[in-house]
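Trainee: Just passing along the structure, written as structure tokens.
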Amino acid sequence: MSDPGLAVEVRGLVKRFGDVEAVRGIDLDVAAGETFGFLGPNGAGKSTTISMLCTLLTPDAGSAQVAGHDVARERDAVRRNIGLVFQDPTLDGYLTAEQNLRFHAELYGVPKALVPERMRLVLEMVGLWERRGSLVQTYSGGMKRRLEIARGLLHAPRVLFLDEPTVGLDPQTRSSIWGYIEELKRREDITIFLTTHYMDEAEHCDRIAIIDQGEIIALDTPEALKASVGKDRVQLQVDDAPAAIAALRERFGLDATIAEGHVTVAVAAGEAFVPRLFAELGVPIKGVSVARPSLDDVFMSYTGTTIRDAEASGGPDPLMRMMAGRR
Amino acid sequence: MAATTSKPAAAPVRIAVPPGGWRADLRGVKVVWQRELIRFWRDKLRIVTSLVQPLIFLFVLGGGLANVASGGTQGIDLRTFMFPGVLAMAVLFTAMFSAASVVWDREYGFLREMLVAPVRRGSIVLGKCVGGATVAAFQGILVMALAPLVHVPYSAAMILDVLALQLLLAFMITAFGVMAAVRITQMQAFMALMQMLVMPLLFLSGALFPLSGLPHWLAVLNRLDPLTYAVNPIREAVFRHVEMTASARAALLPGITWFGWQVPIAVQVLVVAGFALAMLSVAIVEFRRA
């Protein structure tokens with residue numbers, strides 16, 4: 001039997017699509033009440049993993065328990081205990097928000113007496129109570145996402161899965177969605193498991209797993225992950241990048257790479273390094289930026305590339321990765 | 001900290017979502033059925049448009065051909081003769097549309113909301129089929145209301161008989177459509193397939209012509225068409241209440257024969273029910289795998 005303190009327990013989980021191994025034997029534990037982030041570029045295996053945890057895909061090897069139930073053998077029990085918010089909308093636009101929620105409540109067998117109160121609670125939480133009678137097709141993208149979150153919570157799940165909850169939304173809506181998630185953590189006794197490919201969003205999580213090409217390459221708190229990098233990131237805008245990289249190696253003994261179109265180098269004290277850079281590099285510099293370690297740097301230090309570049313190049317075989325990321 | 005003080009005084013809600021079983025499945029059937037009704041009722045345009053085609057067949061085609069056909073209908077108005085076929089047709093088109101909603105649901109993602117719910121997938125398919133049948137039978141009633149316009153008197157027995165047959169027919173068609181919709185993921189492809197199938201099936205069923213004196217090849221195809229076994233009982237139910245000479249009855253309502261054996265109405269209805277159940281089963285199996 002699994003540890004009751006764990007909301008999610010994954011051991012050696014594998015999923016293949018034909019010859020492609022989309023998820024290559026991952027292990028992870030998520031404690032009850034934790035907000036756990038799954039971070040990685042598109043096609044890294046995030047959605048495939050979440051689909052297996054939600055019983056939508058059957059694992060090819062390994063095991064996973066969600067809310068104490070095995071995802072392969074006790075599918076219905078898992079489904080009763082989880083809430084899901086998908087990347088793509090799954091609402092019925094021809095029904096009102098209220099009808100969408102009623103449909104869900106009945107499908108999940110929420111006791112009739114509890115439905116009105118629960119419905120009001122979740123709709124007020126996402127600020128849609130006043131609009132409950134409107135057809136969902138009249139909603140904006142952000143409102144739809146909020147309604148999906150409300151619906152995912154309606155049956156008071158023990159684990160809420162959010163697959164890219166803010167993808168495709170404008171920055172303002174994104175931050176308001178995060179507001180709801182923070183609020184949710186305070187109000188309900190719930191474990192949140194989310195995926196994102198936005199580095200800044202991962203900072204909202206208690207712990208983060210960084211996944212790349214189907215494997216977990218780092219798993220810790222955001223702070224610990226950033227501390228593990230420890231260095232500032234200095235980015236140079238130059239016309240002659242190869243010359244700048246060569247000069248950095250020659251004069252400072254630093255290994256620079258090109259990331260997001262700029263020569264990038266990690267140094268312990270970035271600001272103090274800048275004056276030396278201008279004085280000694282010997283290659284014309286058009287601009288310099290210094291950044292404190294972020295999760296971007298964590299990703300970079302583990303994979304040698306930034307998450308954006310990983311998505312742009314798509315890794316070893318972009319088509320295969322794309323397919324692997326599909327559910 | 002703020003995070004702890006703002007915790008509500010009451011303990012967080014614990015809703016025990018009940019375990020599965022037939023109650024859960026019944027709930028699944030019910031909500032999917034209800035949703036079909038709500039959506040149908042919202043879509044007033046669809047109610048009207050799916051009436052247009054049967055009406056065109058009945059009054060435009062029937063009215064226009066009445067003169068040429070008068071010799072073959074034994075003094076019966078062609079529109080009267082076509083009426084049972086049109087009753088079947090109204091149901092056919094509406095049920096096809098209901099089945100198409102599975103394709104829409106997939107396209108708009110709602111299908112996934114149903115697929116991850118803790119109910120058996122079979123109950124979702126069944127809900128769709130019952131919903132499609134209900135909606136189609138409603139359309140059937142609208143067309144049935146036109147009976148006096150084509151010299152068919154109202155009769156409670158006729159209406160009930162026809163309604164029951166329409167429900168069964170609609171159920172079969174929706175099950176067939178859902179079965180196809182599990183595999184076909186694009187609306188255009190689904191509609192094209194339905195167009196390709198519906199018209200031949202409708203014409204072959206004898207909805208628009210009597211089954212007597214057909215060329216052999218046509219008679220064979222007619223017996224193979226499942227719609228035949230729904231159209232003929234509907235025609236029997238209607239014609240029972242229409243006055244006509246014995247020779248007219250023999251010519252217009254020869255019944256269905258299998259190698260010379262006169263197939264009883266009950267067997268015909270069983271054929272339709274059998275087809276419906278078979279298609280429902282296939283649809284459920286396919287849906288489980290989807």
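Ordered as shown in the structure tokens, chains take letters A, B, and onward, while each chain numbers its residues from 1 and ligands are numbered from 1 in the order shown.
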Just the residues within 9 Å of Ser123 in chain B, please, counting only C-alpha atoms, with nothing from its chain fewer than 4 positions along; format it as a list of chain:residue names.
Mentor: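 Once the nearby chain positions are removed, what remains is B:Ala24, B:Asp25, B:Leu26, B:Arg27, B:Gly28, B:Val29, B:Lys30, B:Val32, B:Val119, B:Gly127, B:Lys128, B:Ile284.
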Trainee: Just the residues within 8 Å of Ile26 in chain A, please, counting only C-alpha atoms, with nothing from its chain fewer than 2 positions along; format it as a CSV table (one decimal) with N, CA, C and O atoms, in the first residue's frame.
Mentor:
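This went into out-v7.csv:
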chain,number,residue,atom,x,y,z
A,10,VAL,N,5.1,8.1,-8.1
A,10,VAL,CA,5.4,7.6,-9.4
A,10,VAL,C,6.7,6.8,-9.3
A,10,VAL,O,7.7,7.3,-8.8
A,11,ARG,N,6.7,5.6,-9.9
A,11,ARG,CA,7.9,4.8,-9.9
A,11,ARG,C,8.2,4.2,-11.3
A,11,ARG,O,7.4,3.5,-11.8
A,12,GLY,N,9.3,4.6,-11.9
A,12,GLY,CA,9.7,4.1,-13.1
A,12,GLY,C,8.7,4.1,-14.3
A,12,GLY,O,8.6,3.2,-15.1
A,13,LEU,N,8.0,5.2,-14.3
A,13,LEU,CA,6.9,5.4,-15.3
A,13,LEU,C,7.5,5.5,-16.7
A,13,LEU,O,8.4,6.4,-17.0
A,14,VAL,N,7.0,4.8,-17.7
A,14,VAL,CA,7.4,4.8,-19.0
A,14,VAL,C,6.2,4.9,-20.0
A,14,VAL,O,5.2,4.2,-19.7
A,23,VAL,N,8.2,9.2,-22.3
A,23,VAL,CA,8.5,9.3,-20.8
A,23,VAL,C,9.4,8.1,-20.5
A,23,VAL,O,9.0,7.0,-20.8
A,24,ARG,N,10.6,8.4,-20.0
A,24,ARG,CA,11.6,7.4,-19.9
A,24,ARG,C,11.9,7.0,-18.4
A,24,ARG,O,13.0,7.3,-17.9
A,28,LEU,N,8.8,10.1,-9.0
A,28,LEU,CA,8.6,11.3,-8.2
A,28,LEU,C,7.5,11.1,-7.1
A,28,LEU,O,6.6,10.2,-7.3
A,214,GLY,N,11.8,13.5,-21.7
A,214,GLY,CA,11.2,12.3,-21.1
A,214,GLY,C,11.9,11.9,-19.8
A,214,GLY,O,11.5,10.9,-19.2
A,215,GLU,N,12.9,12.7,-19.3
A,215,GLU,CA,13.5,12.4,-18.0
A,215,GLU,C,13.5,13.5,-17.1
A,215,GLU,O,13.6,14.7,-17.5
A,216,ILE,N,13.4,13.2,-15.8
A,216,ILE,CA,13.5,14.3,-14.8
A,216,ILE,C,15.0,14.5,-14.6
A,216,ILE,O,15.7,13.6,-14.2
Trainee: Residues of range 138-253 of chain A classed as alpha helix (DSSP H) by DSSP on the backbone are to be reported as a ChimeraX atom specification.
Mentor: /A:141-154,171-187,199-202,222-229,241-247
Trainee: Would you save the residues from that selection as a tab-separated table (two decimals), in the first residue's frame, using N, CA and C atoms?
Mentor:
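Wrote it out as again-v2.tsv, contents follow:
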chain	number	residue	atom	x	y	z
A	141	GLY	N	-11.27	34.02	-23.58
A	141	GLY	CA	-10.38	32.89	-23.31
A	141	GLY	C	-10.04	32.76	-21.83
A	142	GLY	N	-9.78	33.89	-21.18
A	142	GLY	CA	-9.42	33.86	-19.77
A	142	GLY	C	-10.59	33.41	-18.90
A	143	MET	N	-11.79	33.86	-19.26
A	143	MET	CA	-12.97	33.46	-18.48
A	143	MET	C	-13.20	31.96	-18.62
A	144	LYS	N	-12.99	31.45	-19.82
A	144	LYS	CA	-13.18	30.01	-20.03
A	144	LYS	C	-12.21	29.22	-19.16
A	145	ARG	N	-10.96	29.68	-19.13
A	145	ARG	CA	-9.98	28.96	-18.33
A	145	ARG	C	-10.37	29.00	-16.86
A	146	ARG	N	-10.85	30.16	-16.41
A	146	ARG	CA	-11.27	30.27	-15.01
A	146	ARG	C	-12.43	29.33	-14.73
A	147	LEU	N	-13.36	29.26	-15.69
A	147	LEU	CA	-14.50	28.36	-15.49
A	147	LEU	C	-14.04	26.91	-15.44
A	148	GLU	N	-13.04	26.58	-16.25
A	148	GLU	CA	-12.53	25.20	-16.22
A	148	GLU	C	-11.93	24.89	-14.85
A	149	ILE	N	-11.23	25.88	-14.30
A	149	ILE	CA	-10.64	25.66	-12.98
A	149	ILE	C	-11.75	25.46	-11.95
A	150	ALA	N	-12.78	26.30	-12.04
A	150	ALA	CA	-13.91	26.17	-11.11
A	150	ALA	C	-14.54	24.79	-11.25
A	151	ARG	N	-14.70	24.33	-12.48
A	151	ARG	CA	-15.33	23.04	-12.71
A	151	ARG	C	-14.45	21.91	-12.17
A	152	GLY	N	-13.12	22.06	-12.37
A	152	GLY	CA	-12.22	21.04	-11.87
A	152	GLY	C	-12.27	20.89	-10.36
A	153	LEU	N	-12.71	21.97	-9.69
A	153	LEU	CA	-12.75	21.97	-8.22
A	153	LEU	C	-14.10	21.59	-7.66
A	154	LEU	N	-15.11	21.55	-8.55
A	154	LEU	CA	-16.49	21.42	-8.10
A	154	LEU	C	-16.71	20.20	-7.20
A	171	PRO	N	-0.77	38.38	-20.22
A	171	PRO	CA	-0.07	38.41	-18.93
A	171	PRO	C	-0.97	38.76	-17.75
A	172	GLN	N	-1.93	39.66	-17.99
A	172	GLN	CA	-2.81	40.06	-16.89
A	172	GLN	C	-3.68	38.89	-16.43
A	173	THR	N	-4.24	38.17	-17.40
A	173	THR	CA	-5.07	37.02	-17.06
A	173	THR	C	-4.23	35.94	-16.42
A	174	ARG	N	-3.02	35.77	-16.93
A	174	ARG	CA	-2.13	34.79	-16.33
A	174	ARG	C	-1.93	35.06	-14.86
A	175	SER	N	-1.67	36.32	-14.53
A	175	SER	CA	-1.40	36.60	-13.13
A	175	SER	C	-2.67	36.45	-12.30
A	176	SER	N	-3.84	36.73	-12.90
A	176	SER	CA	-5.06	36.55	-12.10
A	176	SER	C	-5.33	35.06	-11.88
A	177	ILE	N	-5.00	34.23	-12.87
A	177	ILE	CA	-5.16	32.78	-12.68
A	177	ILE	C	-4.26	32.33	-11.51
A	178	TRP	N	-3.06	32.86	-11.48
A	178	TRP	CA	-2.17	32.50	-10.36
A	178	TRP	C	-2.72	32.96	-9.03
A	179	GLY	N	-3.40	34.11	-9.06
A	179	GLY	CA	-4.06	34.59	-7.85
A	179	GLY	C	-5.07	33.56	-7.34
A	180	TYR	N	-5.86	32.98	-8.29
A	180	TYR	CA	-6.85	31.98	-7.87
A	180	TYR	C	-6.18	30.74	-7.32
A	181	ILE	N	-5.08	30.37	-7.96
A	181	ILE	CA	-4.41	29.15	-7.50
A	181	ILE	C	-3.85	29.35	-6.10
A	182	GLU	N	-3.28	30.54	-5.84
A	182	GLU	CA	-2.76	30.84	-4.50
A	182	GLU	C	-3.90	30.81	-3.47
A	183	GLU	N	-5.00	31.40	-3.86
A	183	GLU	CA	-6.18	31.44	-3.00
A	183	GLU	C	-6.68	30.01	-2.70
A	184	LEU	N	-6.66	29.23	-3.74
A	184	LEU	CA	-7.10	27.84	-3.62
A	184	LEU	C	-6.25	27.07	-2.61
A	185	LYS	N	-4.94	27.31	-2.68
A	185	LYS	CA	-4.03	26.63	-1.76
A	185	LYS	C	-4.37	26.98	-0.32
A	186	ARG	N	-4.80	28.23	-0.13
A	186	ARG	CA	-5.12	28.64	1.23
A	186	ARG	C	-6.44	28.05	1.70
A	187	ARG	N	-7.41	27.98	0.77
A	187	ARG	CA	-8.76	27.63	1.20
A	187	ARG	C	-9.05	26.15	1.26
A	199	MET	N	9.05	29.66	-17.11
A	199	MET	CA	9.95	29.59	-15.96
A	199	MET	C	9.44	30.40	-14.77
A	200	ASP	N	8.94	31.61	-15.06
A	200	ASP	CA	8.53	32.48	-13.96
A	200	ASP	C	7.36	31.88	-13.18
A	201	GLU	N	6.53	31.10	-13.87
A	201	GLU	CA	5.36	30.54	-13.19
A	201	GLU	C	5.74	29.41	-12.25
A	202	ALA	N	6.81	28.74	-12.58
A	202	ALA	CA	7.23	27.61	-11.75
A	202	ALA	C	7.59	28.08	-10.34
A	222	PRO	N	12.19	25.69	-5.70
A	222	PRO	CA	12.75	26.69	-6.62
A	222	PRO	C	14.02	27.33	-6.06
A	223	GLU	N	14.00	27.62	-4.75
A	223	GLU	CA	15.15	28.27	-4.12
A	223	GLU	C	16.39	27.38	-4.20
A	224	ALA	N	16.22	26.14	-3.84
A	224	ALA	CA	17.36	25.22	-3.84
A	224	ALA	C	17.90	25.05	-5.26
A	225	LEU	N	16.98	24.99	-6.22
A	225	LEU	CA	17.43	24.82	-7.60
A	225	LEU	C	18.24	26.02	-8.05
A	226	LYS	N	17.75	27.22	-7.65
A	226	LYS	CA	18.48	28.42	-8.05
A	226	LYS	C	19.82	28.51	-7.34
A	227	ALA	N	19.82	28.11	-6.06
A	227	ALA	CA	21.07	28.15	-5.31
A	227	ALA	C	22.10	27.20	-5.91
A	228	SER	N	21.59	26.10	-6.51
A	228	SER	CA	22.52	25.13	-7.08
A	228	SER	C	23.26	25.72	-8.27
A	229	VAL	N	22.68	26.71	-8.90
A	229	VAL	CA	23.37	27.37	-10.01
A	229	VAL	C	24.35	28.38	-9.45
A	241	ALA	N	30.09	37.29	-32.53
A	241	ALA	CA	29.94	36.39	-31.40
A	241	ALA	C	31.11	35.40	-31.24
A	242	PRO	N	31.57	34.74	-32.33
A	242	PRO	CA	32.69	33.79	-32.15
A	242	PRO	C	33.92	34.46	-31.56
A	243	ALA	N	34.19	35.69	-32.02
A	243	ALA	CA	35.35	36.40	-31.47
A	243	ALA	C	35.18	36.67	-29.99
A	244	ALA	N	33.94	37.04	-29.60
A	244	ALA	CA	33.68	37.35	-28.19
A	244	ALA	C	33.84	36.09	-27.35
A	245	ILE	N	33.33	34.96	-27.86
A	245	ILE	CA	33.45	33.71	-27.10
A	245	ILE	C	34.92	33.32	-26.94
A	246	ALA	N	35.68	33.48	-28.03
A	246	ALA	CA	37.11	33.17	-27.98
A	246	ALA	C	37.82	34.08	-26.99
A	247	ALA	N	37.47	35.36	-27.02
A	247	ALA	CA	38.12	36.32	-26.11
A	247	ALA	C	37.79	36.01	-24.66
Trainee: Write out as a ChimeraX atom specification the residues lying within 9 Å of range 74-79 of chain A, counting only C-alpha atoms and excluding same-chain residues fewer than 4 positions away.
Mentor: /A:53-55,65-70,83,108 /B:19-20,116-120
Trainee: Hey, which of B:Asp43, B:Asp77, B:Glu113, B:Glu36 ends up closest to chain A? Count only C-alpha atoms.
Mentor: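 Nearest candidate to chain A out of B:Asp43, B:Asp77, B:Glu113, B:Glu36: B:Glu113.
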Trainee: Give the answer as one residue: which of A:Ala7, A:Leu114, A:Leu91, A:Ala209 has the shortest atom-to-atom distance to Thr191 in chain A, using only C-alpha atoms?
Mentor: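 Looking at the shortest contact to Thr191 in chain A, the residue is A:Ala7.
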Trainee: Quick check, in Å to one decimal: how far apart do CA of Ala283 in chain B and CA of Val178 in chain B lie?
Mentor: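 Between CA of Ala283 in chain B and CA of Val178 in chain B the gap works out to 6.2 Å.
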Trainee: Residues within 12 Å of Arg289 in chain B, please, as number ranges by chain. Count only C-alpha atoms; anything in the same chain fewer than 2 positions from it doesn't count.
Mentor: A: 56-58; B: 115, 120-122, 182-183, 282-287
Trainee: Write a file of the just-selected residues containing N, CA and C atoms, as a tab-separated table (two decimals), in the first residue's frame.
Mentor:
chain	number	residue	atom	x	y	z
A	56	LEU	N	-5.79	8.79	-18.52
A	56	LEU	CA	-6.17	8.91	-19.93
A	56	LEU	C	-5.25	8.09	-20.83
A	57	LEU	N	-4.05	7.83	-20.36
A	57	LEU	CA	-3.12	6.98	-21.09
A	57	LEU	C	-2.67	5.87	-20.15
A	58	THR	N	-2.44	4.71	-20.70
A	58	THR	CA	-1.96	3.60	-19.88
A	58	THR	C	-0.44	3.55	-19.95
B	115	LEU	N	-15.08	11.79	-21.11
B	115	LEU	CA	-14.26	10.57	-21.08
B	115	LEU	C	-13.49	10.40	-19.77
B	120	ARG	N	-18.94	4.75	-16.63
B	120	ARG	CA	-18.53	3.88	-17.72
B	120	ARG	C	-18.80	4.56	-19.05
B	121	ARG	N	-17.94	4.33	-20.00
B	121	ARG	CA	-18.10	5.00	-21.29
B	121	ARG	C	-19.35	4.55	-22.02
B	122	GLY	N	-19.73	3.31	-21.75
B	122	GLY	CA	-20.95	2.81	-22.35
B	122	GLY	C	-22.14	3.68	-22.01
B	182	VAL	N	-16.90	7.71	-33.78
B	182	VAL	CA	-15.75	7.40	-32.93
B	182	VAL	C	-14.49	7.35	-33.78
B	183	ARG	N	-14.65	6.85	-35.01
B	183	ARG	CA	-13.49	6.72	-35.88
B	183	ARG	C	-13.21	7.97	-36.69
B	282	VAL	N	-21.22	-2.14	-30.79
B	282	VAL	CA	-19.97	-1.78	-31.47
B	282	VAL	C	-19.53	-0.39	-31.03
B	283	ALA	N	-20.49	0.55	-30.98
B	283	ALA	CA	-20.15	1.91	-30.58
B	283	ALA	C	-19.56	1.93	-29.18
B	284	ILE	N	-20.15	1.15	-28.27
B	284	ILE	CA	-19.65	1.13	-26.89
B	284	ILE	C	-18.23	0.57	-26.83
B	285	VAL	N	-18.02	-0.53	-27.55
B	285	VAL	CA	-16.68	-1.13	-27.55
B	285	VAL	C	-15.66	-0.15	-28.11
B	286	GLU	N	-16.02	0.51	-29.21
B	286	GLU	CA	-15.09	1.45	-29.81
B	286	GLU	C	-14.81	2.63	-28.88
B	287	PHE	N	-15.85	3.07	-28.20
B	287	PHE	CA	-15.72	4.21	-27.30
B	287	PHE	C	-14.82	3.89	-26.13
Trainee: Taking 3 positions as the minimum chain separation for residues in the same chain, which residues sit within 12 Å of Arg112 in chain B when counting only C-alpha atoms? Answer as a PyMOL selection string.
Mentor: (chain A and resi 51+54-56+84-92+104+327) or (chain B and resi 102-109+115-117+121+124+287+290)
Trainee: Can you pull out every residue within 12 Å of Leu160 in chain B, counting only C-alpha atoms, but drop anything in the same chain fewer than 2 positions away, and send it as an mmCIF file with N, CA, C and O atoms, in the first residue's frame?
Mentor:
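See around_7.cif below for the written result:
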data_model
loop_
_atom_site.group_PDB
_atom_site.id
_atom_site.type_symbol
_atom_site.label_atom_id
_atom_site.label_comp_id
_atom_site.auth_asym_id
_atom_site.auth_seq_id
_atom_site.Cartn_x
_atom_site.Cartn_y
_atom_site.Cartn_z
ATOM 1 N N ALA B 137 -37.540 11.750 -32.332
ATOM 2 C CA ALA B 137 -38.957 11.441 -32.201
ATOM 3 C C ALA B 137 -39.768 12.726 -32.090
ATOM 4 O O ALA B 137 -40.892 12.818 -32.595
ATOM 5 N N GLY B 140 -40.251 13.839 -35.421
ATOM 6 C CA GLY B 140 -41.229 12.948 -36.029
ATOM 7 C C GLY B 140 -42.652 13.380 -35.699
ATOM 8 O O GLY B 140 -43.539 13.364 -36.554
ATOM 9 N N ILE B 141 -42.857 13.808 -34.445
ATOM 10 C CA ILE B 141 -44.196 14.250 -34.031
ATOM 11 C C ILE B 141 -44.604 15.495 -34.821
ATOM 12 O O ILE B 141 -45.745 15.623 -35.266
ATOM 13 N N MET B 144 -45.670 14.334 -38.039
ATOM 14 C CA MET B 144 -46.916 13.586 -37.911
ATOM 15 C C MET B 144 -48.122 14.521 -37.808
ATOM 16 O O MET B 144 -49.221 14.179 -38.254
ATOM 17 N N TYR B 154 -56.124 11.722 -37.967
ATOM 18 C CA TYR B 154 -55.453 11.489 -36.682
ATOM 19 C C TYR B 154 -56.050 10.286 -36.001
ATOM 20 O O TYR B 154 -57.255 10.080 -36.053
ATOM 21 N N SER B 155 -55.218 9.518 -35.344
ATOM 22 C CA SER B 155 -55.731 8.434 -34.512
ATOM 23 C C SER B 155 -54.678 8.163 -33.449
ATOM 24 O O SER B 155 -53.482 8.117 -33.743
ATOM 25 N N ALA B 156 -55.157 8.024 -32.225
ATOM 26 C CA ALA B 156 -54.216 7.845 -31.111
ATOM 27 C C ALA B 156 -53.360 6.594 -31.315
ATOM 28 O O ALA B 156 -52.143 6.625 -31.100
ATOM 29 N N ALA B 157 -54.019 5.518 -31.780
ATOM 30 C CA ALA B 157 -53.288 4.252 -31.957
ATOM 31 C C ALA B 157 -52.180 4.435 -32.990
ATOM 32 O O ALA B 157 -51.039 3.994 -32.792
ATOM 33 N N MET B 158 -52.506 5.123 -34.094
ATOM 34 C CA MET B 158 -51.515 5.320 -35.143
ATOM 35 C C MET B 158 -50.332 6.136 -34.607
ATOM 36 O O MET B 158 -49.172 5.790 -34.808
ATOM 37 N N VAL B 162 -46.573 4.761 -34.497
ATOM 38 C CA VAL B 162 -45.538 5.418 -35.302
ATOM 39 C C VAL B 162 -44.443 5.973 -34.398
ATOM 40 O O VAL B 162 -43.252 5.850 -34.682
ATOM 41 N N LEU B 163 -44.859 6.563 -33.284
ATOM 42 C CA LEU B 163 -43.882 7.163 -32.375
ATOM 43 C C LEU B 163 -42.909 6.109 -31.854
ATOM 44 O O LEU B 163 -41.691 6.325 -31.835
ATOM 45 N N ALA B 164 -43.447 4.967 -31.476
ATOM 46 C CA ALA B 164 -42.591 3.895 -30.965
ATOM 47 C C ALA B 164 -41.604 3.448 -32.052
ATOM 48 O O ALA B 164 -40.410 3.256 -31.791
ATOM 49 N N LEU B 165 -42.117 3.321 -33.276
ATOM 50 C CA LEU B 165 -41.244 2.898 -34.377
ATOM 51 C C LEU B 165 -40.195 3.959 -34.680
ATOM 52 O O LEU B 165 -39.041 3.652 -34.969
ATOM 53 N N GLN B 166 -40.615 5.213 -34.596
ATOM 54 C CA GLN B 166 -39.661 6.300 -34.849
ATOM 55 C C GLN B 166 -38.549 6.317 -33.803
ATOM 56 O O GLN B 166 -37.385 6.539 -34.121
ATOM 57 N N LEU B 167 -38.929 6.098 -32.552
ATOM 58 C CA LEU B 167 -37.924 6.051 -31.481
ATOM 59 C C LEU B 167 -36.895 4.966 -31.771
ATOM 60 O O LEU B 167 -35.686 5.188 -31.660
ATOM 61 N N ILE B 234 -43.917 1.322 -40.270
ATOM 62 C CA ILE B 234 -44.516 2.657 -40.149
ATOM 63 C C ILE B 234 -45.647 2.791 -41.178
ATOM 64 O O ILE B 234 -46.726 3.292 -40.882
ATOM 65 N N ALA B 237 -48.660 0.917 -40.080
ATOM 66 C CA ALA B 237 -49.352 1.608 -38.993
ATOM 67 C C ALA B 237 -50.186 2.762 -39.521
ATOM 68 O O ALA B 237 -51.286 3.025 -39.036
ATOM 69 N N VAL B 238 -49.650 3.461 -40.525
ATOM 70 C CA VAL B 238 -50.388 4.604 -41.063
ATOM 71 C C VAL B 238 -51.532 4.125 -41.945
ATOM 72 O O VAL B 238 -52.674 4.593 -41.814
#
Trainee: What does the distance between CA of Leu160 in chain A and CA of Met52 in chain A come to in Å, to one decimal place?
Mentor: 14.2 Å
Trainee: Rank B:Ala276, B:Met199, B:Ala181, B:Ala145 by their smallest atom-to-atom distance to Val130 in chain B, using only C-alpha atoms, and report the top residue only.
Mentor: B:Ala276
Trainee: Give me, please, the distance in Å between CA of Glu203 in chain A and CA of Leu254 in chain A, quoted to one decimal.
Mentor: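 Atom-to-atom, CA of Glu203 in chain A and CA of Leu254 in chain A are spaced 28.8 Å apart.
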